[in-house]
Amino acid sequence: MEKLELIRTKQYIADLLQAEILSGQLADGQILVQSEIAQQMNVSRIPVREAFQQLEQSGFLVRISGRHVCVCGLTSRRLRQLVSLFWQLVSTLLQDIPVAAGEYLESATSEEEFFLRLTKIIDNHHVTVHLMRTWRDYIRLLSPERAEERAKLLCEAGSAVKDGDLARIQDRMQQFGLLLIHDIPDEDTPNK
């Protein structure tokens with residue numbers, strides 16, 4: 001039971017820090033010190049260290065020395081670049097998978113289900129890890145109220161896979177990307 005509680009604490013801290021980075025409460029370039037965060041949250045340094053490691057792997061923090069990290073804020077420009085790469089990657093993957101997989105993707109009921117199904121089809125562990133990490137850490141956080149609309153476009157792309165219609169795959173994925181990019185603020189400030 002103790003180990004499970006530690007995991008929850010680490011995840012809670014990582015989620016909290018990630019939300020503060022995405023909202024701009026923690027500024028780009030701001031230095032975070034393990035012991036200070038632990039003291040503020042009234043926890044030991046171990047879950048803070050583990051949360052820092054998780055956020056480093058996701059690109060939200062950069063280790064600078066010992067127990068210190070620097071916030072890598074997400075500006076509008078950086079987020080647009082990430083979103084653009086993401087939808088282009090998904091579009092390319094959809095064009096390379098077997099036609100028979102289209103029906104499996106077409107019947108997904110949510111964005112998350114669509115991407116989980118896509119990772120089962122792709123025969124490249126490295127790509128699936130990055131795909132799901134990008135979706136989990138960034139994409140799903142953009143306009144959650146439009147998730148159904150995005151899921152519909154993804155399912156239509158799955159239908160296009162089933163029909164072998166490469167032009168329709170590209171069109172639906174471009175619409176998906178534009179929908180995401182539309183929700184990113186124009187100013188080059190941290191995403192809110």
# chains A, B, ... in the order shown; residues from 1 in each chain; ligands from 1
call {"tool": "residues_around", "arguments": {"residues": "Val83 (chain A)", "least_positions_apart": "5", "cutoff": "9 Å", "atoms": "only C-alpha atoms", "output": "list in words"}}
result
Arg78, Gln88, Thr134, Tyr138, Ile139, Gly177, Leu180 and Ile181 of chain A
call {"tool": "write_last_selection", "arguments": {"atoms": "N, CA and C atoms", "output": "PDB file, in the first residue's frame"}}
result
ATOM      1  N   ARG A  78       5.606  27.466 -29.797  1.00  0.00           N
ATOM      2  CA  ARG A  78       6.056  26.097 -29.513  1.00  0.00           C
ATOM      3  C   ARG A  78       4.889  25.115 -29.600  1.00  0.00           C
ATOM      4  N   GLN A  88       0.595  15.801 -38.438  1.00  0.00           N
ATOM      5  CA  GLN A  88       1.278  15.281 -39.620  1.00  0.00           C
ATOM      6  C   GLN A  88       1.771  13.852 -39.383  1.00  0.00           C
ATOM      7  N   THR A 134       2.638  12.666 -26.412  1.00  0.00           N
ATOM      8  CA  THR A 134       2.246  13.977 -26.946  1.00  0.00           C
ATOM      9  C   THR A 134       0.751  14.177 -26.784  1.00  0.00           C
ATOM     10  N   TYR A 138      -0.193  17.124 -24.091  1.00  0.00           N
ATOM     11  CA  TYR A 138      -0.497  18.391 -24.756  1.00  0.00           C
ATOM     12  C   TYR A 138      -1.860  18.399 -25.447  1.00  0.00           C
ATOM     13  N   ILE A 139      -2.046  17.499 -26.402  1.00  0.00           N
ATOM     14  CA  ILE A 139      -3.204  17.563 -27.291  1.00  0.00           C
ATOM     15  C   ILE A 139      -4.525  17.462 -26.534  1.00  0.00           C
ATOM     16  N   GLY A 177      -5.902  19.033 -37.343  1.00  0.00           N
ATOM     17  CA  GLY A 177      -4.809  19.915 -36.955  1.00  0.00           C
ATOM     18  C   GLY A 177      -5.232  21.373 -36.883  1.00  0.00           C
ATOM     19  N   LEU A 180      -7.188  22.076 -33.793  1.00  0.00           N
ATOM     20  CA  LEU A 180      -6.313  22.219 -32.630  1.00  0.00           C
ATOM     21  C   LEU A 180      -5.603  23.572 -32.642  1.00  0.00           C
ATOM     22  N   ILE A 181      -5.030  23.919 -33.775  1.00  0.00           N
ATOM     23  CA  ILE A 181      -4.276  25.171 -33.884  1.00  0.00           C
ATOM     24  C   ILE A 181      -5.174  26.385 -33.662  1.00  0.00           C
TER      25      ILE A 181
END
call {"tool": "closest_residue", "arguments": {"among": "A:Met41, A:Val90, A:Leu55, A:Ala27", "to": "Ile169 (chain A)", "atoms": "only C-alpha atoms"}}
result
A:Val90
call {"tool": "residues_around", "arguments": {"residues": "Thr128 (chain A)", "least_positions_apart": "6", "cutoff": "10 Å", "atoms": "only C-alpha atoms", "output": "list in words"}}
result
Phe115, Leu116, Leu118, Thr119, Lys120, Ile121, Ile122 and Thr134 of chain A
call {"tool": "write_last_selection", "arguments": {"atoms": "C-alpha atoms", "output": "PDB file, in the first residue's frame"}}
result
ATOM      1  CA  PHE A 115      -5.129   6.850 -30.342  1.00  0.00           C
ATOM      2  CA  LEU A 116      -4.989   3.740 -28.149  1.00  0.00           C
ATOM      3  CA  LEU A 118      -3.805   3.324 -33.440  1.00  0.00           C
ATOM      4  CA  THR A 119      -0.934   2.366 -31.121  1.00  0.00           C
ATOM      5  CA  LYS A 120      -2.076  -1.282 -31.273  1.00  0.00           C
ATOM      6  CA  ILE A 121      -1.906  -1.200 -35.059  1.00  0.00           C
ATOM      7  CA  ILE A 122       1.460   0.550 -35.432  1.00  0.00           C
ATOM      8  CA  THR A 134       2.246  13.977 -26.946  1.00  0.00           C
TER       9      THR A 134
END
call {"tool": "residues_around", "arguments": {"residues": "Gly73 (chain A)", "least_positions_apart": "3", "cutoff": "8 Å", "atoms": "only C-alpha atoms", "output": "number ranges by chain"}}
result
A: 21-22, 24, 26-29, 60, 190
call {"tool": "write_last_selection", "arguments": {"atoms": "N, CA, C and O atoms", "output": "short mmCIF file (atom, residue, chain, number, x, y, z; two decimals), in the first residue's frame"}}
result
data_model
loop_
_atom_site.label_atom_id
_atom_site.label_comp_id
_atom_site.auth_asym_id
_atom_site.auth_seq_id
_atom_site.Cartn_x
_atom_site.Cartn_y
_atom_site.Cartn_z
N ILE A 21 2.57 25.03 -15.28
CA ILE A 21 3.40 25.41 -16.43
C ILE A 21 2.50 25.78 -17.60
O ILE A 21 2.69 26.82 -18.25
N LEU A 22 1.50 24.96 -17.87
CA LEU A 22 0.60 25.22 -19.00
C LEU A 22 -0.21 26.50 -18.81
O LEU A 22 -0.53 27.19 -19.78
N GLY A 24 0.86 29.10 -17.21
CA GLY A 24 1.76 30.24 -17.13
C GLY A 24 2.08 30.67 -15.70
O GLY A 24 2.82 31.62 -15.49
N LEU A 26 3.86 29.03 -13.63
CA LEU A 26 5.30 28.81 -13.56
C LEU A 26 5.86 29.28 -14.90
O LEU A 26 5.52 28.73 -15.94
N ALA A 27 6.68 30.29 -14.86
CA ALA A 27 7.15 30.95 -16.08
C ALA A 27 8.28 30.19 -16.77
O ALA A 27 9.06 29.50 -16.11
N ASP A 28 8.36 30.38 -18.07
CA ASP A 28 9.45 29.83 -18.86
C ASP A 28 10.77 30.33 -18.27
O ASP A 28 10.94 31.52 -18.03
N GLY A 29 11.68 29.42 -17.97
CA GLY A 29 12.98 29.80 -17.42
C GLY A 29 13.03 29.83 -15.90
O GLY A 29 14.11 29.97 -15.32
N PHE A 60 8.64 19.37 -20.10
CA PHE A 60 8.19 20.54 -19.35
C PHE A 60 9.30 21.13 -18.47
O PHE A 60 9.23 22.29 -18.09
N PRO A 190 2.59 31.94 -22.57
CA PRO A 190 2.30 30.58 -22.16
C PRO A 190 0.82 30.25 -22.40
O PRO A 190 -0.05 31.10 -22.25
#
call {"tool": "atom_distance", "arguments": {"atom1": "CA of Glu36 (chain A)", "atom2": "CA of Arg49 (chain A)"}}
result
11.4 Å
call {"tool": "select_by_dssp", "arguments": {"residues": "region 99-178 of chain A", "states": "alpha helix (DSSP H)", "output": "PyMOL selection string"}}
result
chain A and resi 101-106+111-121+125-137+147-163+166-178
call {"tool": "residues_around", "arguments": {"residues": "Ile64 (chain A)", "least_positions_apart": "5", "cutoff": "9 Å", "atoms": "only C-alpha atoms", "output": "number ranges by chain"}}
result
A: 31, 69-70
call {"tool": "atom_distance", "arguments": {"atom1": "CA of Pro98 (chain A)", "atom2": "CA of Leu166 (chain A)"}}
result
12.0 Å
call {"tool": "select_by_dssp", "arguments": {"residues": "region 6-169 of chain A", "states": "strand (DSSP E)", "output": "MDAnalysis selection string"}}
result
chainID A and resid 31:33 61:65 68:71
call {"tool": "closest_residue", "arguments": {"among": "A:Ala108, A:Leu79, A:Leu89, A:Val99", "to": "His130 (chain A)", "atoms": "only C-alpha atoms"}}
result
A:Leu89
call {"tool": "residues_around", "arguments": {"residues": "Gln175 (chain A)", "least_positions_apart": "6", "cutoff": "12 Å", "atoms": "only C-alpha atoms", "output": "NGL selection string"}}
result
:A and (84 or 87-88 or 91 or 149-154 or 156-157 or 168-169 or 181-182)
call {"tool": "residues_around", "arguments": {"residues": "Ile37 (chain A)", "least_positions_apart": "5", "cutoff": "10 Å", "atoms": "only C-alpha atoms", "output": "list in words"}}
result
Ile13, Leu17, Leu32, Asn42, Val43, Ser44, Arg45, Val48 and Arg49 of chain A
call {"tool": "closest_residue", "arguments": {"among": "A:Leu82, A:Ala160, A:Leu61, A:Ile46", "to": "Lys10 (chain A)", "atoms": "only C-alpha atoms"}}
result
A:Ile46
call {"tool": "decode", "arguments": {"residues": "region 140-154 of chain A", "atoms": "all heavy atoms", "output": "PDB file, in the first residue's frame"}}
result
ATOM      1  N   ARG A 140      -4.651  16.518 -25.629  1.00  0.00           N
ATOM      2  CA  ARG A 140      -5.930  16.330 -24.931  1.00  0.00           C
ATOM      3  C   ARG A 140      -6.286  17.528 -24.050  1.00  0.00           C
ATOM      4  O   ARG A 140      -7.433  17.708 -23.675  1.00  0.00           O
ATOM      5  CB  ARG A 140      -5.934  15.045 -24.119  1.00  0.00           C
ATOM      6  CG  ARG A 140      -5.088  15.103 -22.877  1.00  0.00           C
ATOM      7  CD  ARG A 140      -5.133  13.803 -22.094  1.00  0.00           C
ATOM      8  NE  ARG A 140      -4.217  13.875 -20.982  1.00  0.00           N
ATOM      9  CZ  ARG A 140      -4.523  14.322 -19.781  1.00  0.00           C
ATOM     10  NH1 ARG A 140      -5.745  14.704 -19.509  1.00  0.00           N
ATOM     11  NH2 ARG A 140      -3.621  14.362 -18.827  1.00  0.00           N
ATOM     12  N   LEU A 141      -5.292  18.350 -23.737  1.00  0.00           N
ATOM     13  CA  LEU A 141      -5.530  19.503 -22.877  1.00  0.00           C
ATOM     14  C   LEU A 141      -6.066  20.708 -23.640  1.00  0.00           C
ATOM     15  O   LEU A 141      -6.537  21.664 -23.038  1.00  0.00           O
ATOM     16  CB  LEU A 141      -4.234  19.889 -22.156  1.00  0.00           C
ATOM     17  CG  LEU A 141      -3.620  18.768 -21.303  1.00  0.00           C
ATOM     18  CD1 LEU A 141      -2.264  19.196 -20.778  1.00  0.00           C
ATOM     19  CD2 LEU A 141      -4.542  18.369 -20.172  1.00  0.00           C
ATOM     20  N   LEU A 142      -5.980  20.676 -24.977  1.00  0.00           N
ATOM     21  CA  LEU A 142      -6.477  21.783 -25.787  1.00  0.00           C
ATOM     22  C   LEU A 142      -7.987  21.671 -25.957  1.00  0.00           C
ATOM     23  O   LEU A 142      -8.485  20.671 -26.449  1.00  0.00           O
ATOM     24  CB  LEU A 142      -5.817  21.768 -27.172  1.00  0.00           C
ATOM     25  CG  LEU A 142      -4.340  22.126 -27.211  1.00  0.00           C
ATOM     26  CD1 LEU A 142      -3.786  21.866 -28.601  1.00  0.00           C
ATOM     27  CD2 LEU A 142      -4.131  23.583 -26.826  1.00  0.00           C
ATOM     28  N   SER A 143      -8.698  22.672 -25.560  1.00  0.00           N
ATOM     29  CA  SER A 143     -10.154  22.757 -25.721  1.00  0.00           C
ATOM     30  C   SER A 143     -10.868  21.425 -25.518  1.00  0.00           C
ATOM     31  O   SER A 143     -11.379  20.836 -26.453  1.00  0.00           O
ATOM     32  CB  SER A 143     -10.483  23.305 -27.111  1.00  0.00           C
ATOM     33  OG  SER A 143      -9.922  24.567 -27.284  1.00  0.00           O
ATOM     34  N   PRO A 144     -10.926  20.948 -24.287  1.00  0.00           N
ATOM     35  CA  PRO A 144     -11.605  19.674 -24.033  1.00  0.00           C
ATOM     36  C   PRO A 144     -13.059  19.678 -24.518  1.00  0.00           C
ATOM     37  O   PRO A 144     -13.604  18.636 -24.871  1.00  0.00           O
ATOM     38  CB  PRO A 144     -11.538  19.510 -22.518  1.00  0.00           C
ATOM     39  CG  PRO A 144     -10.659  20.572 -22.001  1.00  0.00           C
ATOM     40  CD  PRO A 144     -10.395  21.552 -23.084  1.00  0.00           C
ATOM     41  N   GLU A 145     -13.669  20.877 -24.572  1.00  0.00           N
ATOM     42  CA  GLU A 145     -15.058  20.952 -25.029  1.00  0.00           C
ATOM     43  C   GLU A 145     -15.189  20.612 -26.519  1.00  0.00           C
ATOM     44  O   GLU A 145     -16.294  20.344 -26.994  1.00  0.00           O
ATOM     45  CB  GLU A 145     -15.656  22.330 -24.730  1.00  0.00           C
ATOM     46  CG  GLU A 145     -15.049  23.481 -25.511  1.00  0.00           C
ATOM     47  CD  GLU A 145     -13.750  24.033 -24.923  1.00  0.00           C
ATOM     48  OE1 GLU A 145     -13.266  23.525 -23.894  1.00  0.00           O
ATOM     49  OE2 GLU A 145     -13.216  24.979 -25.522  1.00  0.00           O
ATOM     50  N   ARG A 146     -14.075  20.600 -27.247  1.00  0.00           N
ATOM     51  CA  ARG A 146     -14.120  20.267 -28.683  1.00  0.00           C
ATOM     52  C   ARG A 146     -13.608  18.857 -28.962  1.00  0.00           C
ATOM     53  O   ARG A 146     -13.403  18.478 -30.112  1.00  0.00           O
ATOM     54  CB  ARG A 146     -13.313  21.291 -29.476  1.00  0.00           C
ATOM     55  CG  ARG A 146     -13.955  22.683 -29.358  1.00  0.00           C
ATOM     56  CD  ARG A 146     -13.205  23.711 -30.103  1.00  0.00           C
ATOM     57  NE  ARG A 146     -13.569  23.645 -31.517  1.00  0.00           N
ATOM     58  CZ  ARG A 146     -13.201  24.562 -32.389  1.00  0.00           C
ATOM     59  NH1 ARG A 146     -12.457  25.573 -32.016  1.00  0.00           N
ATOM     60  NH2 ARG A 146     -13.565  24.457 -33.651  1.00  0.00           N
ATOM     61  N   ALA A 147     -13.396  18.078 -27.909  1.00  0.00           N
ATOM     62  CA  ALA A 147     -12.859  16.723 -28.060  1.00  0.00           C
ATOM     63  C   ALA A 147     -13.772  15.844 -28.917  1.00  0.00           C
ATOM     64  O   ALA A 147     -13.292  15.045 -29.717  1.00  0.00           O
ATOM     65  CB  ALA A 147     -12.623  16.085 -26.700  1.00  0.00           C
ATOM     66  N   GLU A 148     -15.077  15.988 -28.760  1.00  0.00           N
ATOM     67  CA  GLU A 148     -16.004  15.179 -29.571  1.00  0.00           C
ATOM     68  C   GLU A 148     -15.884  15.500 -31.055  1.00  0.00           C
ATOM     69  O   GLU A 148     -15.905  14.614 -31.899  1.00  0.00           O
ATOM     70  CB  GLU A 148     -17.456  15.395 -29.109  1.00  0.00           C
ATOM     71  CG  GLU A 148     -17.819  14.624 -27.869  1.00  0.00           C
ATOM     72  CD  GLU A 148     -19.298  14.764 -27.532  1.00  0.00           C
ATOM     73  OE1 GLU A 148     -20.131  14.694 -28.452  1.00  0.00           O
ATOM     74  OE2 GLU A 148     -19.592  14.935 -26.339  1.00  0.00           O
ATOM     75  N   GLU A 149     -15.744  16.780 -31.352  1.00  0.00           N
ATOM     76  CA  GLU A 149     -15.587  17.215 -32.738  1.00  0.00           C
ATOM     77  C   GLU A 149     -14.294  16.651 -33.338  1.00  0.00           C
ATOM     78  O   GLU A 149     -14.268  16.175 -34.468  1.00  0.00           O
ATOM     79  CB  GLU A 149     -15.583  18.746 -32.788  1.00  0.00           C
ATOM     80  CG  GLU A 149     -15.655  19.337 -34.163  1.00  0.00           C
ATOM     81  CD  GLU A 149     -15.733  20.863 -34.126  1.00  0.00           C
ATOM     82  OE1 GLU A 149     -15.886  21.456 -33.041  1.00  0.00           O
ATOM     83  OE2 GLU A 149     -15.621  21.450 -35.209  1.00  0.00           O
ATOM     84  N   ARG A 150     -13.227  16.682 -32.543  1.00  0.00           N
ATOM     85  CA  ARG A 150     -11.956  16.121 -33.005  1.00  0.00           C
ATOM     86  C   ARG A 150     -12.057  14.614 -33.167  1.00  0.00           C
ATOM     87  O   ARG A 150     -11.543  14.049 -34.135  1.00  0.00           O
ATOM     88  CB  ARG A 150     -10.828  16.497 -32.033  1.00  0.00           C
ATOM     89  CG  ARG A 150     -10.520  17.987 -32.017  1.00  0.00           C
ATOM     90  CD  ARG A 150      -9.229  18.307 -31.297  1.00  0.00           C
ATOM     91  NE  ARG A 150      -9.112  17.760 -29.963  1.00  0.00           N
ATOM     92  CZ  ARG A 150      -9.380  18.425 -28.844  1.00  0.00           C
ATOM     93  NH1 ARG A 150      -9.780  19.690 -28.897  1.00  0.00           N
ATOM     94  NH2 ARG A 150      -9.235  17.858 -27.673  1.00  0.00           N
ATOM     95  N   ALA A 151     -12.746  13.948 -32.234  1.00  0.00           N
ATOM     96  CA  ALA A 151     -12.919  12.495 -32.325  1.00  0.00           C
ATOM     97  C   ALA A 151     -13.676  12.119 -33.594  1.00  0.00           C
ATOM     98  O   ALA A 151     -13.352  11.120 -34.251  1.00  0.00           O
ATOM     99  CB  ALA A 151     -13.643  11.969 -31.085  1.00  0.00           C
ATOM    100  N   LYS A 152     -14.669  12.910 -33.959  1.00  0.00           N
ATOM    101  CA  LYS A 152     -15.432  12.652 -35.181  1.00  0.00           C
ATOM    102  C   LYS A 152     -14.522  12.721 -36.409  1.00  0.00           C
ATOM    103  O   LYS A 152     -14.593  11.870 -37.305  1.00  0.00           O
ATOM    104  CB  LYS A 152     -16.583  13.650 -35.312  1.00  0.00           C
ATOM    105  CG  LYS A 152     -17.457  13.412 -36.515  1.00  0.00           C
ATOM    106  CD  LYS A 152     -18.605  14.408 -36.576  1.00  0.00           C
ATOM    107  CE  LYS A 152     -19.443  14.109 -37.808  1.00  0.00           C
ATOM    108  NZ  LYS A 152     -19.820  15.266 -38.543  1.00  0.00           N
ATOM    109  N   LEU A 153     -13.655  13.731 -36.463  1.00  0.00           N
ATOM    110  CA  LEU A 153     -12.711  13.849 -37.579  1.00  0.00           C
ATOM    111  C   LEU A 153     -11.754  12.655 -37.621  1.00  0.00           C
ATOM    112  O   LEU A 153     -11.441  12.141 -38.701  1.00  0.00           O
ATOM    113  CB  LEU A 153     -11.915  15.149 -37.473  1.00  0.00           C
ATOM    114  CG  LEU A 153     -12.672  16.423 -37.823  1.00  0.00           C
ATOM    115  CD1 LEU A 153     -11.857  17.653 -37.421  1.00  0.00           C
ATOM    116  CD2 LEU A 153     -13.010  16.463 -39.305  1.00  0.00           C
ATOM    117  N   LEU A 154     -11.317  12.210 -36.460  1.00  0.00           N
ATOM    118  CA  LEU A 154     -10.431  11.048 -36.411  1.00  0.00           C
ATOM    119  C   LEU A 154     -11.136   9.797 -36.923  1.00  0.00           C
ATOM    120  O   LEU A 154     -10.552   9.010 -37.681  1.00  0.00           O
ATOM    121  CB  LEU A 154      -9.907  10.832 -34.991  1.00  0.00           C
ATOM    122  CG  LEU A 154      -8.954  11.900 -34.467  1.00  0.00           C
ATOM    123  CD1 LEU A 154      -8.693  11.713 -32.985  1.00  0.00           C
ATOM    124  CD2 LEU A 154      -7.651  11.901 -35.253  1.00  0.00           C
TER     125      LEU A 154
END
